[in-house]
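Novice: This is the structure, below, for whatever I ask next.
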Amino acid sequence: MDDALLNILRTLVLSATPLVIAALGETITERAGVINLSLDGSLSLTAMVAFGVAFATGNILVGILAAMLVGAVIALIIAVASIELRLDQVAVGFVLTLLAADMSQFWGVPYAGKPTAGMTAAYLPLPLLKDLPIVGRVFFDHNILVYVSYALVFGIWFWLFSTRPGLAHRAIGERPAAAFARGTPVNRLRYIYTIVGGSLVGLAGASYSVGVNPGWATPPPMQGDGWIALAIVIFGGWHPFRVVLGAYLFAGLRALAGAIQSSDIAVPVTLLNTIPWLLMIFTLLLVSGGVIERLLRILPRGMQNRARNFLRSDPPVALGTRFDGEQR
Amino acid sequence: MKRTATNLFFLALPLLLGVIVVAILIVLVVPPNTTLGDVLQAFWNGAFRNLRRFSGVLVFWIPLTLVGIGLVITFRAGLWNIGVEGQMTLGGLFAAGLAFMLGEGSPLVIIPLCIFGAMLGGALWASVAAFLKVRFGVSEIFSGVALNAIANQITLQLIAGPWKPGDSDKAQYSRPVPDAARLLGVSQDFNVSVVGLVVTIVAVVLVLLVLARTRWGLNLKAVGKNPRSALLLGVPTTITAFSALMVCGALAGIAGSQRILFTYGDVRGQFAGGIGFLGLLVVLLISARGVWVPLIAFLFAIMLNGGTQLQFLNLDSSLTGVLQGALVLAVLLANGLRDRLRKPKQAKG
């Protein structure tokens, strides 16, 4: 494999990291039955906070923790609004996304365009692993945040599908009443998972501004990624592995667009910029019931079921609904 | 009598709370040498100092009200039309395209054609989201976000290509729209388009009448409240949802045409300027009660136009957005709190 291609793949994995972390955070939240629609604004605000705090304190870890705190607070607002105040999660999330985006611009002014030297999370090629052919260069030659994203994928997958609390986690998103009858404190757990998910969104924001694309600028360079992350969760069928696949798919397309742009092929930039959005619509179309069934008919009969199971994407049944069963 | 007073109090309470939150926010963010009074005065001066500033408020009010009243329709049908920003954009592009195509001629013919084209453009873009929604069940939120982004890229492509000004390849704006299609202000000082004002007022009245008095208005409500039972009761849910988005798109299209034919006089990147999103905030603030749209849109327009004066206090104009977002969030939360505190009591009594 030649070096140029390896470099593109390596960049792909790096640039997908924020999307991976954000989409995994949202997966945790939505698996508990809560939608955090504020992702797009949250990513901007937490990216700004991470860079701003890291810049002011000179400590990147403090910046990352501050961003996670901000992400958690935004998620807490959504949890309180939906659980205690019984408000529409979509409405509150949408207002928060606009508010957070404007806040990032307003409070980000002093940090816009500030020097970014030394403002990246520690670069750490993993010993031994990095010497593996191909895989080593693509996956194990990155900064720490990239490895965190790997750990999160496997950790969340193990948590959701192989542990007892993970079972309860899924239950409160699917059948909250049944889970409650078995003694699961539905709303308390929803608070916890919404906040954990939100703090991961904060980590994702930080992984832009002190990771992939250090620094801060106006308008926020990650604008739009939050919506893509939300779509990836749906495309990923709320399963960590498929979510990661979706994030790499989007990042890969973007890397490809970038490569085309810097090559001699004359394709309008605007066309390249629309591709992720067309892909977003296409993926959502693909996982919506009717389209899959029609496509499956093309396949040989024996493969149909396997393909269906792979492509099907059913949301947690209780997603976006509130649970009042605990009221006495 | 006493009950009405109490009800009014409970209705106004969230708004009052929202205003207090905004005031506290201002105190927190302003630099030490400026005061809350300075900021309020900047907003006031930006909106009411003289007739020209007040015209600026109305110029924001026109598209915001059009978008807001359109969104009342989609909200009533239970739809989250986030794509409204892109529908504004396509409306503006259709209006500009027609203006370039028709060239010079009688404004009496050209302007109505352009506005009609804008409605078509907005409705067309909305119909994409509507089709994906009713045929394939793709959430209108996500298709809307994607279509907004695509609309922006179409705008940039048109500016860089067919509509570019003669001399430059990397222009920020298209060449100016022909004079025959331009909407003109009443006077130098009262720089507001009468056509825009009249169209907006007519649109508001029409929408309110249609929502209150027609079968379609009732169907919208049924679909929004409970699509399943609506279907069982014989309401054509698919057509109702589809048409709600199309009508909202058409109104957003007119709003977009105002930005091109009046405000800018040319096509530029992001010319919709977030007014569509602001329209969503307006409608959320009033829980989609249509009559309140003109008033709340006016309040937001004051903040928008007043916000242009913040630079003289060395404050970034994004503060306006922060304050508007905080206001709506506070009102939403206070609404929820009020309902939670009141409901148990009502059940007892």
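As shown in the structure tokens, the chain order sets the letters A, B, ...; within each chain, residues go from 1, and ligands are also counted from 1 in the order they appear.
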List the neighbours of region 314-327 of chain A out to 6 Å using only C-alpha atoms; skip same-chain residues closer than 5 positions along the sequence, and give me the result as a PyMOL selection string.
Specialist: chain A and resi 33-35+173-174
Novice: Would you list the contacts of Val186 (chain B) as a PDB file with N, CA, C and O atoms, in the first residue's frame, taking every protein, DNA or RNA residue within 12 Å and counting only C-alpha atoms, but skipping same-chain residues closer than 3 positions in sequence?
Specialist:
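Contents of around06.pdb, freshly written:
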```
ATOM      1  N   LEU B  51     -37.032  57.625  12.427  1.00  0.00           N
ATOM      2  CA  LEU B  51     -37.881  56.883  11.512  1.00  0.00           C
ATOM      3  C   LEU B  51     -37.056  55.853  10.732  1.00  0.00           C
ATOM      4  O   LEU B  51     -37.501  54.738  10.474  1.00  0.00           O
ATOM      5  N   ARG B  52     -35.838  56.205  10.389  1.00  0.00           N
ATOM      6  CA  ARG B  52     -35.004  55.304   9.580  1.00  0.00           C
ATOM      7  C   ARG B  52     -34.687  54.021  10.345  1.00  0.00           C
ATOM      8  O   ARG B  52     -34.748  52.930   9.803  1.00  0.00           O
ATOM      9  N   SER B  55     -37.700  51.922  10.479  1.00  0.00           N
ATOM     10  CA  SER B  55     -37.888  51.202   9.219  1.00  0.00           C
ATOM     11  C   SER B  55     -37.089  49.909   9.230  1.00  0.00           C
ATOM     12  O   SER B  55     -37.547  48.871   8.748  1.00  0.00           O
ATOM     13  N   LEU B 183     -38.062  45.982  -5.028  1.00  0.00           N
ATOM     14  CA  LEU B 183     -39.101  46.607  -4.215  1.00  0.00           C
ATOM     15  C   LEU B 183     -38.511  47.878  -3.642  1.00  0.00           C
ATOM     16  O   LEU B 183     -37.347  47.897  -3.223  1.00  0.00           O
ATOM     17  N   ASP B 189     -36.341  58.103   4.300  1.00  0.00           N
ATOM     18  CA  ASP B 189     -36.348  57.873   5.752  1.00  0.00           C
ATOM     19  C   ASP B 189     -37.192  56.666   6.138  1.00  0.00           C
ATOM     20  O   ASP B 189     -36.770  55.842   6.943  1.00  0.00           O
ATOM     21  N   PHE B 190     -38.373  56.586   5.560  1.00  0.00           N
ATOM     22  CA  PHE B 190     -39.222  55.435   5.866  1.00  0.00           C
ATOM     23  C   PHE B 190     -38.964  54.378   4.810  1.00  0.00           C
ATOM     24  O   PHE B 190     -39.760  54.175   3.894  1.00  0.00           O
ATOM     25  N   ASN B 191     -37.807  53.716   4.957  1.00  0.00           N
ATOM     26  CA  ASN B 191     -37.347  52.812   3.901  1.00  0.00           C
ATOM     27  C   ASN B 191     -37.925  51.410   4.095  1.00  0.00           C
ATOM     28  O   ASN B 191     -37.222  50.479   4.477  1.00  0.00           O
ATOM     29  N   VAL B 192     -39.229  51.299   3.877  1.00  0.00           N
ATOM     30  CA  VAL B 192     -39.917  50.016   4.016  1.00  0.00           C
ATOM     31  C   VAL B 192     -40.748  49.796   2.763  1.00  0.00           C
ATOM     32  O   VAL B 192     -41.346  50.746   2.249  1.00  0.00           O
ATOM     33  N   SER B 193     -40.785  48.559   2.274  1.00  0.00           N
ATOM     34  CA  SER B 193     -41.563  48.284   1.070  1.00  0.00           C
ATOM     35  C   SER B 193     -43.037  48.128   1.413  1.00  0.00           C
ATOM     36  O   SER B 193     -43.413  47.318   2.265  1.00  0.00           O
ATOM     37  N   VAL B 194     -43.867  48.925   0.755  1.00  0.00           N
ATOM     38  CA  VAL B 194     -45.312  48.822   0.989  1.00  0.00           C
ATOM     39  C   VAL B 194     -45.810  47.448   0.540  1.00  0.00           C
ATOM     40  O   VAL B 194     -46.621  46.818   1.225  1.00  0.00           O
ATOM     41  N   VAL B 195     -45.285  46.998  -0.604  1.00  0.00           N
ATOM     42  CA  VAL B 195     -45.686  45.674  -1.093  1.00  0.00           C
ATOM     43  C   VAL B 195     -45.427  44.621  -0.016  1.00  0.00           C
ATOM     44  O   VAL B 195     -46.286  43.799   0.292  1.00  0.00           O
ATOM     45  N   GLY B 196     -44.224  44.684   0.574  1.00  0.00           N
ATOM     46  CA  GLY B 196     -43.869  43.730   1.617  1.00  0.00           C
ATOM     47  C   GLY B 196     -44.835  43.799   2.794  1.00  0.00           C
ATOM     48  O   GLY B 196     -45.310  42.771   3.281  1.00  0.00           O
ATOM     49  N   LEU B 197     -45.111  45.010   3.235  1.00  0.00           N
ATOM     50  CA  LEU B 197     -46.019  45.180   4.380  1.00  0.00           C
ATOM     51  C   LEU B 197     -47.397  44.611   4.069  1.00  0.00           C
ATOM     52  O   LEU B 197     -47.967  43.855   4.869  1.00  0.00           O
ATOM     53  N   PHE B 262     -35.830  43.327  -1.807  1.00  0.00           N
ATOM     54  CA  PHE B 262     -35.795  44.584  -1.062  1.00  0.00           C
ATOM     55  C   PHE B 262     -34.477  44.780  -0.312  1.00  0.00           C
ATOM     56  O   PHE B 262     -33.712  45.679  -0.611  1.00  0.00           O
TER      57      PHE B 262
END
```
Novice: Just want the 12 Å neighbourhood of Val21 (chain B), counted on only C-alpha atoms, with same-chain residues fewer than 5 positions away dropped. Output as number ranges by chain.
Specialist: B: 14-16, 26-28, 322-331, 333-334
Novice: Selection from above, N, CA, C and O atoms, as an mmCIF file, in the first residue's frame, can you write it?
Specialist:
```cif
data_model
loop_
_atom_site.group_PDB
_atom_site.id
_atom_site.type_symbol
_atom_site.label_atom_id
_atom_site.label_comp_id
_atom_site.auth_asym_id
_atom_site.auth_seq_id
_atom_site.Cartn_x
_atom_site.Cartn_y
_atom_site.Cartn_z
ATOM 1 N N PRO B 14 -44.453 33.527 32.729
ATOM 2 C CA PRO B 14 -43.259 33.005 32.044
ATOM 3 C C PRO B 14 -42.527 34.085 31.251
ATOM 4 O O PRO B 14 -41.295 34.155 31.269
ATOM 5 N N LEU B 15 -43.299 34.953 30.576
ATOM 6 C CA LEU B 15 -42.679 35.993 29.771
ATOM 7 C C LEU B 15 -41.887 36.934 30.675
ATOM 8 O O LEU B 15 -40.762 37.329 30.376
ATOM 9 N N LEU B 16 -42.503 37.268 31.814
ATOM 10 C CA LEU B 16 -41.844 38.143 32.782
ATOM 11 C C LEU B 16 -40.544 37.502 33.263
ATOM 12 O O LEU B 16 -39.482 38.129 33.313
ATOM 13 N N ILE B 26 -27.635 39.982 30.633
ATOM 14 C CA ILE B 26 -26.944 41.185 30.140
ATOM 15 C C ILE B 26 -25.982 41.706 31.198
ATOM 16 O O ILE B 26 -24.823 42.018 30.918
ATOM 17 N N VAL B 27 -26.469 41.787 32.451
ATOM 18 C CA VAL B 27 -25.616 42.282 33.530
ATOM 19 C C VAL B 27 -24.354 41.431 33.646
ATOM 20 O O VAL B 27 -23.251 41.932 33.864
ATOM 21 N N LEU B 28 -24.522 40.108 33.452
ATOM 22 C CA LEU B 28 -23.377 39.209 33.597
ATOM 23 C C LEU B 28 -22.358 39.374 32.473
ATOM 24 O O LEU B 28 -21.165 39.211 32.693
ATOM 25 N N VAL B 322 -27.936 35.236 21.580
ATOM 26 C CA VAL B 322 -27.859 34.661 22.922
ATOM 27 C C VAL B 322 -29.085 35.091 23.726
ATOM 28 O O VAL B 322 -29.737 34.272 24.387
ATOM 29 N N LEU B 323 -29.408 36.377 23.647
ATOM 30 C CA LEU B 323 -30.537 36.886 24.430
ATOM 31 C C LEU B 323 -31.861 36.290 23.939
ATOM 32 O O LEU B 323 -32.706 35.901 24.747
ATOM 33 N N GLN B 324 -32.016 36.201 22.608
ATOM 34 C CA GLN B 324 -33.258 35.636 22.084
ATOM 35 C C GLN B 324 -33.403 34.170 22.489
ATOM 36 O O GLN B 324 -34.468 33.734 22.931
ATOM 37 N N GLY B 325 -32.310 33.416 22.366
ATOM 38 C CA GLY B 325 -32.350 32.006 22.745
ATOM 39 C C GLY B 325 -32.651 31.843 24.227
ATOM 40 O O GLY B 325 -33.476 31.020 24.619
ATOM 41 N N ALA B 326 -31.987 32.677 25.055
ATOM 42 C CA ALA B 326 -32.195 32.588 26.501
ATOM 43 C C ALA B 326 -33.633 32.938 26.853
ATOM 44 O O ALA B 326 -34.250 32.291 27.711
ATOM 45 N N LEU B 327 -34.170 33.935 26.160
ATOM 46 C CA LEU B 327 -35.553 34.339 26.425
ATOM 47 C C LEU B 327 -36.505 33.176 26.150
ATOM 48 O O LEU B 327 -37.341 32.825 26.995
ATOM 49 N N VAL B 328 -36.338 32.560 24.980
ATOM 50 C CA VAL B 328 -37.254 31.478 24.621
ATOM 51 C C VAL B 328 -37.080 30.281 25.555
ATOM 52 O O VAL B 328 -38.060 29.692 26.012
ATOM 53 N N LEU B 329 -35.827 29.951 25.874
ATOM 54 C CA LEU B 329 -35.589 28.827 26.773
ATOM 55 C C LEU B 329 -36.228 29.079 28.135
ATOM 56 O O LEU B 329 -36.921 28.219 28.689
ATOM 57 N N ALA B 330 -36.019 30.301 28.654
ATOM 58 C CA ALA B 330 -36.578 30.629 29.971
ATOM 59 C C ALA B 330 -38.096 30.557 29.941
ATOM 60 O O ALA B 330 -38.720 30.024 30.868
ATOM 61 N N VAL B 331 -38.701 31.071 28.862
ATOM 62 C CA VAL B 331 -40.164 31.051 28.787
ATOM 63 C C VAL B 331 -40.674 29.614 28.685
ATOM 64 O O VAL B 331 -41.641 29.240 29.355
ATOM 65 N N LEU B 333 -39.220 26.869 29.814
ATOM 66 C CA LEU B 333 -39.064 26.208 31.111
ATOM 67 C C LEU B 333 -40.099 26.738 32.109
ATOM 68 O O LEU B 333 -40.697 25.972 32.859
ATOM 69 N N ALA B 334 -40.321 28.055 32.086
ATOM 70 C CA ALA B 334 -41.291 28.634 33.013
ATOM 71 C C ALA B 334 -42.698 28.153 32.695
ATOM 72 O O ALA B 334 -43.491 27.892 33.608
#
```
Novice: Write out as a PyMOL selection string which residues come within 12 Å of Leu58 (chain B) when counting only C-alpha atoms, dropping same-chain ones fewer than 3 positions away.
Specialist: chain B and resi 47-48+51-55+61-65+185+190-194+196-197+200+258+263+294-295+297-306
Novice: Restricting the output to N, CA and C atoms, write the selected residues as an mmCIF file, in the first residue's frame.
Specialist:
```
data_model
loop_
_atom_site.group_PDB
_atom_site.id
_atom_site.type_symbol
_atom_site.label_atom_id
_atom_site.label_comp_id
_atom_site.auth_asym_id
_atom_site.auth_seq_id
_atom_site.Cartn_x
_atom_site.Cartn_y
_atom_site.Cartn_z
ATOM 1 N N ALA B 47 -33.616 50.727 17.523
ATOM 2 C CA ALA B 47 -34.944 50.433 17.011
ATOM 3 C C ALA B 47 -35.807 51.682 16.828
ATOM 4 N N PHE B 48 -35.675 52.656 17.726
ATOM 5 C CA PHE B 48 -36.657 53.751 17.731
ATOM 6 C C PHE B 48 -36.068 55.153 17.647
ATOM 7 N N LEU B 51 -37.032 57.625 12.427
ATOM 8 C CA LEU B 51 -37.881 56.883 11.512
ATOM 9 C C LEU B 51 -37.056 55.853 10.732
ATOM 10 N N ARG B 52 -35.838 56.205 10.389
ATOM 11 C CA ARG B 52 -35.004 55.304 9.580
ATOM 12 C C ARG B 52 -34.687 54.021 10.345
ATOM 13 N N ARG B 53 -34.353 54.176 11.643
ATOM 14 C CA ARG B 53 -34.076 52.985 12.460
ATOM 15 C C ARG B 53 -35.330 52.131 12.580
ATOM 16 N N PHE B 54 -36.476 52.815 12.774
ATOM 17 C CA PHE B 54 -37.725 52.076 12.918
ATOM 18 C C PHE B 54 -38.037 51.311 11.629
ATOM 19 N N SER B 55 -37.700 51.922 10.479
ATOM 20 C CA SER B 55 -37.888 51.202 9.219
ATOM 21 C C SER B 55 -37.089 49.909 9.230
ATOM 22 N N TRP B 61 -39.108 42.675 10.423
ATOM 23 C CA TRP B 61 -40.406 42.148 10.845
ATOM 24 C C TRP B 61 -41.103 41.419 9.698
ATOM 25 N N ILE B 62 -41.003 41.985 8.482
ATOM 26 C CA ILE B 62 -41.745 41.421 7.340
ATOM 27 C C ILE B 62 -41.393 39.943 7.104
ATOM 28 N N PRO B 63 -40.120 39.593 6.848
ATOM 29 C CA PRO B 63 -39.857 38.157 6.604
ATOM 30 C C PRO B 63 -40.078 37.298 7.841
ATOM 31 N N LEU B 64 -39.773 37.849 9.025
ATOM 32 C CA LEU B 64 -39.920 37.058 10.251
ATOM 33 C C LEU B 64 -41.386 36.704 10.497
ATOM 34 N N THR B 65 -42.274 37.656 10.241
ATOM 35 C CA THR B 65 -43.701 37.397 10.438
ATOM 36 C C THR B 65 -44.211 36.394 9.413
ATOM 37 N N GLY B 185 -38.576 51.400 -1.119
ATOM 38 C CA GLY B 185 -39.068 51.944 0.129
ATOM 39 C C GLY B 185 -39.987 53.115 -0.129
ATOM 40 N N PHE B 190 -38.373 56.586 5.560
ATOM 41 C CA PHE B 190 -39.222 55.435 5.866
ATOM 42 C C PHE B 190 -38.964 54.378 4.810
ATOM 43 N N ASN B 191 -37.807 53.716 4.957
ATOM 44 C CA ASN B 191 -37.347 52.812 3.901
ATOM 45 C C ASN B 191 -37.925 51.410 4.095
ATOM 46 N N VAL B 192 -39.229 51.299 3.877
ATOM 47 C CA VAL B 192 -39.917 50.016 4.016
ATOM 48 C C VAL B 192 -40.748 49.796 2.763
ATOM 49 N N SER B 193 -40.785 48.559 2.274
ATOM 50 C CA SER B 193 -41.563 48.284 1.070
ATOM 51 C C SER B 193 -43.037 48.128 1.413
ATOM 52 N N VAL B 194 -43.867 48.925 0.755
ATOM 53 C CA VAL B 194 -45.312 48.822 0.989
ATOM 54 C C VAL B 194 -45.810 47.448 0.540
ATOM 55 N N GLY B 196 -44.224 44.684 0.574
ATOM 56 C CA GLY B 196 -43.869 43.730 1.617
ATOM 57 C C GLY B 196 -44.835 43.799 2.794
ATOM 58 N N LEU B 197 -45.111 45.010 3.235
ATOM 59 C CA LEU B 197 -46.019 45.180 4.380
ATOM 60 C C LEU B 197 -47.397 44.611 4.069
ATOM 61 N N THR B 200 -47.494 40.840 3.795
ATOM 62 C CA THR B 200 -47.366 40.210 5.111
ATOM 63 C C THR B 200 -48.676 40.264 5.882
ATOM 64 N N GLN B 258 -38.259 38.792 -0.148
ATOM 65 C CA GLN B 258 -38.099 40.126 0.446
ATOM 66 C C GLN B 258 -36.629 40.422 0.718
ATOM 67 N N THR B 263 -34.217 43.909 0.668
ATOM 68 C CA THR B 263 -33.128 44.178 1.610
ATOM 69 C C THR B 263 -31.770 44.306 0.924
ATOM 70 N N PRO B 294 -47.412 38.342 14.911
ATOM 71 C CA PRO B 294 -46.935 39.681 14.536
ATOM 72 C C PRO B 294 -46.279 40.409 15.702
ATOM 73 N N LEU B 295 -46.854 40.266 16.897
ATOM 74 C CA LEU B 295 -46.331 40.988 18.050
ATOM 75 C C LEU B 295 -44.953 40.472 18.472
ATOM 76 N N ALA B 297 -42.920 38.655 16.710
ATOM 77 C CA ALA B 297 -41.969 38.908 15.621
ATOM 78 C C ALA B 297 -41.469 40.344 15.708
ATOM 79 N N PHE B 298 -42.350 41.259 16.090
ATOM 80 C CA PHE B 298 -41.960 42.661 16.237
ATOM 81 C C PHE B 298 -40.911 42.807 17.347
ATOM 82 N N LEU B 299 -41.166 42.135 18.466
ATOM 83 C CA LEU B 299 -40.211 42.164 19.578
ATOM 84 C C LEU B 299 -38.833 41.657 19.134
ATOM 85 N N PHE B 300 -38.845 40.545 18.389
ATOM 86 C CA PHE B 300 -37.577 39.976 17.920
ATOM 87 C C PHE B 300 -36.918 40.890 16.890
ATOM 88 N N ALA B 301 -37.750 41.554 16.065
ATOM 89 C CA ALA B 301 -37.196 42.466 15.061
ATOM 90 C C ALA B 301 -36.519 43.654 15.735
ATOM 91 N N ILE B 302 -37.125 44.130 16.849
ATOM 92 C CA ILE B 302 -36.496 45.213 17.610
ATOM 93 C C ILE B 302 -35.116 44.766 18.086
ATOM 94 N N MET B 303 -35.064 43.517 18.628
ATOM 95 C CA MET B 303 -33.782 43.015 19.122
ATOM 96 C C MET B 303 -32.771 42.886 17.984
ATOM 97 N N LEU B 304 -33.257 42.415 16.814
ATOM 98 C CA LEU B 304 -32.353 42.250 15.670
ATOM 99 C C LEU B 304 -31.773 43.580 15.228
ATOM 100 N N ASN B 305 -32.654 44.557 15.038
ATOM 101 C CA ASN B 305 -32.178 45.840 14.534
ATOM 102 C C ASN B 305 -31.402 46.586 15.612
ATOM 103 N N GLY B 306 -31.867 46.452 16.865
ATOM 104 C CA GLY B 306 -31.133 47.084 17.954
ATOM 105 C C GLY B 306 -29.750 46.467 18.109
#
```
Novice: Find the residue from A:Ile74, A:Phe140, A:Ala206, A:Ser313 that sits nearest to Arg242 (chain A); use only C-alpha atoms when measuring.
Specialist: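 Going through A:Ile74, A:Phe140, A:Ala206, A:Ser313 one by one, the smallest distance to Arg242 (chain A) is for A:Ser313.
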Novice: As JSON, numbers by chain, which residues of region 24-192 of chain A does DSSP assign to helix (DSSP H, G or I)?
Specialist: {"A": [24, 25, 26, 27, 28, 29, 30, 31, 39, 40, 41, 42, 43, 44, 45, 46, 47, 48, 49, 50, 51, 52, 53, 54, 55, 56, 57, 60, 61, 62, 63, 64, 65, 66, 67, 68, 69, 70, 71, 72, 73, 74, 75, 76, 77, 78, 79, 80, 81, 82, 83, 84, 89, 90, 91, 92, 93, 94, 95, 96, 97, 98, 99, 100, 101, 102, 103, 104, 105, 106, 107, 108, 109, 110, 111, 129, 130, 131, 135, 136, 137, 138, 139, 144, 145, 146, 147, 148, 149, 150, 151, 152, 153, 154, 155, 156, 157, 158, 159, 160, 161, 162, 164, 165, 166, 167, 168, 169, 170, 171, 172, 173, 174, 176, 177, 178, 179, 180, 181, 186, 187, 188, 189, 190, 191, 192]}
Novice: Rank nothing, just name the residue among B:Ile150, B:Met88, B:Ala99, B:Val22 nearest to chain A, using only C-alpha atoms.
Specialist: B:Ile150
Novice: What are the residues of chain A lining chain B at 8 Å or less? Count only C-alpha atoms, and put the answer as a PyMOL selection string.
Specialist: chain A and resi 81+85-87+91-92+95-96+98-100+102-103+105-106+109+227+231+268+270-271+273-274+277-278+280-281+284-285+288-291
Novice: For Ala23 (chain A), find every residue with an atom within 7 Å (counting only C-alpha atoms), except residues of its own chain fewer than 4 positions away, and show them as a PDB file with all heavy atoms, in the first residue's frame.
Specialist:
```
ATOM      1  N   LEU A  19     -16.876  12.949  15.472  1.00  0.00           N
ATOM      2  CA  LEU A  19     -18.174  12.392  15.077  1.00  0.00           C
ATOM      3  C   LEU A  19     -18.448  11.097  15.829  1.00  0.00           C
ATOM      4  O   LEU A  19     -19.558  10.870  16.305  1.00  0.00           O
ATOM      5  CB  LEU A  19     -18.195  12.113  13.575  1.00  0.00           C
ATOM      6  CG  LEU A  19     -18.574  13.250  12.625  1.00  0.00           C
ATOM      7  CD1 LEU A  19     -18.554  12.754  11.189  1.00  0.00           C
ATOM      8  CD2 LEU A  19     -19.942  13.805  12.960  1.00  0.00           C
ATOM      9  N   THR A  27     -25.923   8.059  21.371  1.00  0.00           N
ATOM     10  CA  THR A  27     -26.445   6.693  21.449  1.00  0.00           C
ATOM     11  C   THR A  27     -26.803   6.343  22.887  1.00  0.00           C
ATOM     12  O   THR A  27     -27.867   5.777  23.160  1.00  0.00           O
ATOM     13  CB  THR A  27     -25.412   5.688  20.908  1.00  0.00           C
ATOM     14  OG1 THR A  27     -25.062   6.075  19.576  1.00  0.00           O
ATOM     15  CG2 THR A  27     -25.963   4.281  20.887  1.00  0.00           C
ATOM     16  N   ALA A 229     -24.036  13.875  13.186  1.00  0.00           N
ATOM     17  CA  ALA A 229     -23.893  12.884  14.251  1.00  0.00           C
ATOM     18  C   ALA A 229     -25.257  12.322  14.646  1.00  0.00           C
ATOM     19  O   ALA A 229     -25.403  11.107  14.860  1.00  0.00           O
ATOM     20  CB  ALA A 229     -23.191  13.498  15.461  1.00  0.00           C
ATOM     21  N   LEU A 230     -26.257  13.194  14.737  1.00  0.00           N
ATOM     22  CA  LEU A 230     -27.603  12.721  15.083  1.00  0.00           C
ATOM     23  C   LEU A 230     -28.134  11.749  14.027  1.00  0.00           C
ATOM     24  O   LEU A 230     -28.757  10.731  14.348  1.00  0.00           O
ATOM     25  CB  LEU A 230     -28.557  13.915  15.215  1.00  0.00           C
ATOM     26  CG  LEU A 230     -28.507  14.668  16.544  1.00  0.00           C
ATOM     27  CD1 LEU A 230     -29.123  16.046  16.414  1.00  0.00           C
ATOM     28  CD2 LEU A 230     -29.223  13.882  17.626  1.00  0.00           C
ATOM     29  N   ILE A 232     -26.260   9.930  12.095  1.00  0.00           N
ATOM     30  CA  ILE A 232     -25.452   8.712  12.172  1.00  0.00           C
ATOM     31  C   ILE A 232     -26.015   7.749  13.213  1.00  0.00           C
ATOM     32  O   ILE A 232     -26.009   6.533  13.019  1.00  0.00           O
ATOM     33  CB  ILE A 232     -23.982   9.065  12.492  1.00  0.00           C
ATOM     34  CG1 ILE A 232     -23.317   9.686  11.255  1.00  0.00           C
ATOM     35  CG2 ILE A 232     -23.200   7.834  12.941  1.00  0.00           C
ATOM     36  CD1 ILE A 232     -21.933  10.218  11.518  1.00  0.00           C
ATOM     37  N   VAL A 233     -26.514   8.314  14.315  1.00  0.00           N
ATOM     38  CA  VAL A 233     -27.095   7.452  15.357  1.00  0.00           C
ATOM     39  C   VAL A 233     -28.272   6.655  14.785  1.00  0.00           C
ATOM     40  O   VAL A 233     -28.409   5.452  15.040  1.00  0.00           O
ATOM     41  CB  VAL A 233     -27.542   8.287  16.573  1.00  0.00           C
ATOM     42  CG1 VAL A 233     -28.248   7.407  17.591  1.00  0.00           C
ATOM     43  CG2 VAL A 233     -26.346   8.968  17.207  1.00  0.00           C
ATOM     44  N   VAL A 243     -22.754   2.579  14.491  1.00  0.00           N
ATOM     45  CA  VAL A 243     -22.608   4.026  14.622  1.00  0.00           C
ATOM     46  C   VAL A 243     -21.201   4.440  14.189  1.00  0.00           C
ATOM     47  O   VAL A 243     -21.018   5.396  13.429  1.00  0.00           O
ATOM     48  CB  VAL A 243     -22.904   4.462  16.073  1.00  0.00           C
ATOM     49  CG1 VAL A 243     -22.374   5.857  16.343  1.00  0.00           C
ATOM     50  CG2 VAL A 243     -24.398   4.401  16.343  1.00  0.00           C
TER      51      VAL A 243
END
```
Novice: So how far away is CA of Phe180 (chain A) from CA of Pro240 (chain A), in Å?
Specialist: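 Distance between the two atoms: 25.2 Å.
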Novice: Show which residues sit within 12 Å of region 67-73 of chain A, as a PyMOL selection string. Count only C-alpha atoms, and ignore same-chain residues fewer than 3 positions away.
Specialist: chain A and resi 21-22+25-26+29+36+38-54+60-64+76-80+96-97+100+103-104+191-210
Novice: Go ahead and compute the interatomic distance for CA of Ser82 (chain A) and CA of Phe242 (chain B), in Å to one decimal.
Specialist: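 Interatomic distance here is 28.8 Å.
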Novice: Which distance in Å separates CA of Gln261 (chain A) and CA of Val128 (chain B), to one decimal?
Specialist: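 Rounded to one decimal, the two atoms are 28.7 Å apart.
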Novice: Can you pull out every residue within 9 Å of Ala257 (chain A), counting only C-alpha atoms, but drop anything in the same chain fewer than 4 positions away, and send it as a list in words?
Specialist: Gly252, Leu253, Gln261, Ser262, Val269, Leu272, Asn273 and Ile275 of chain A
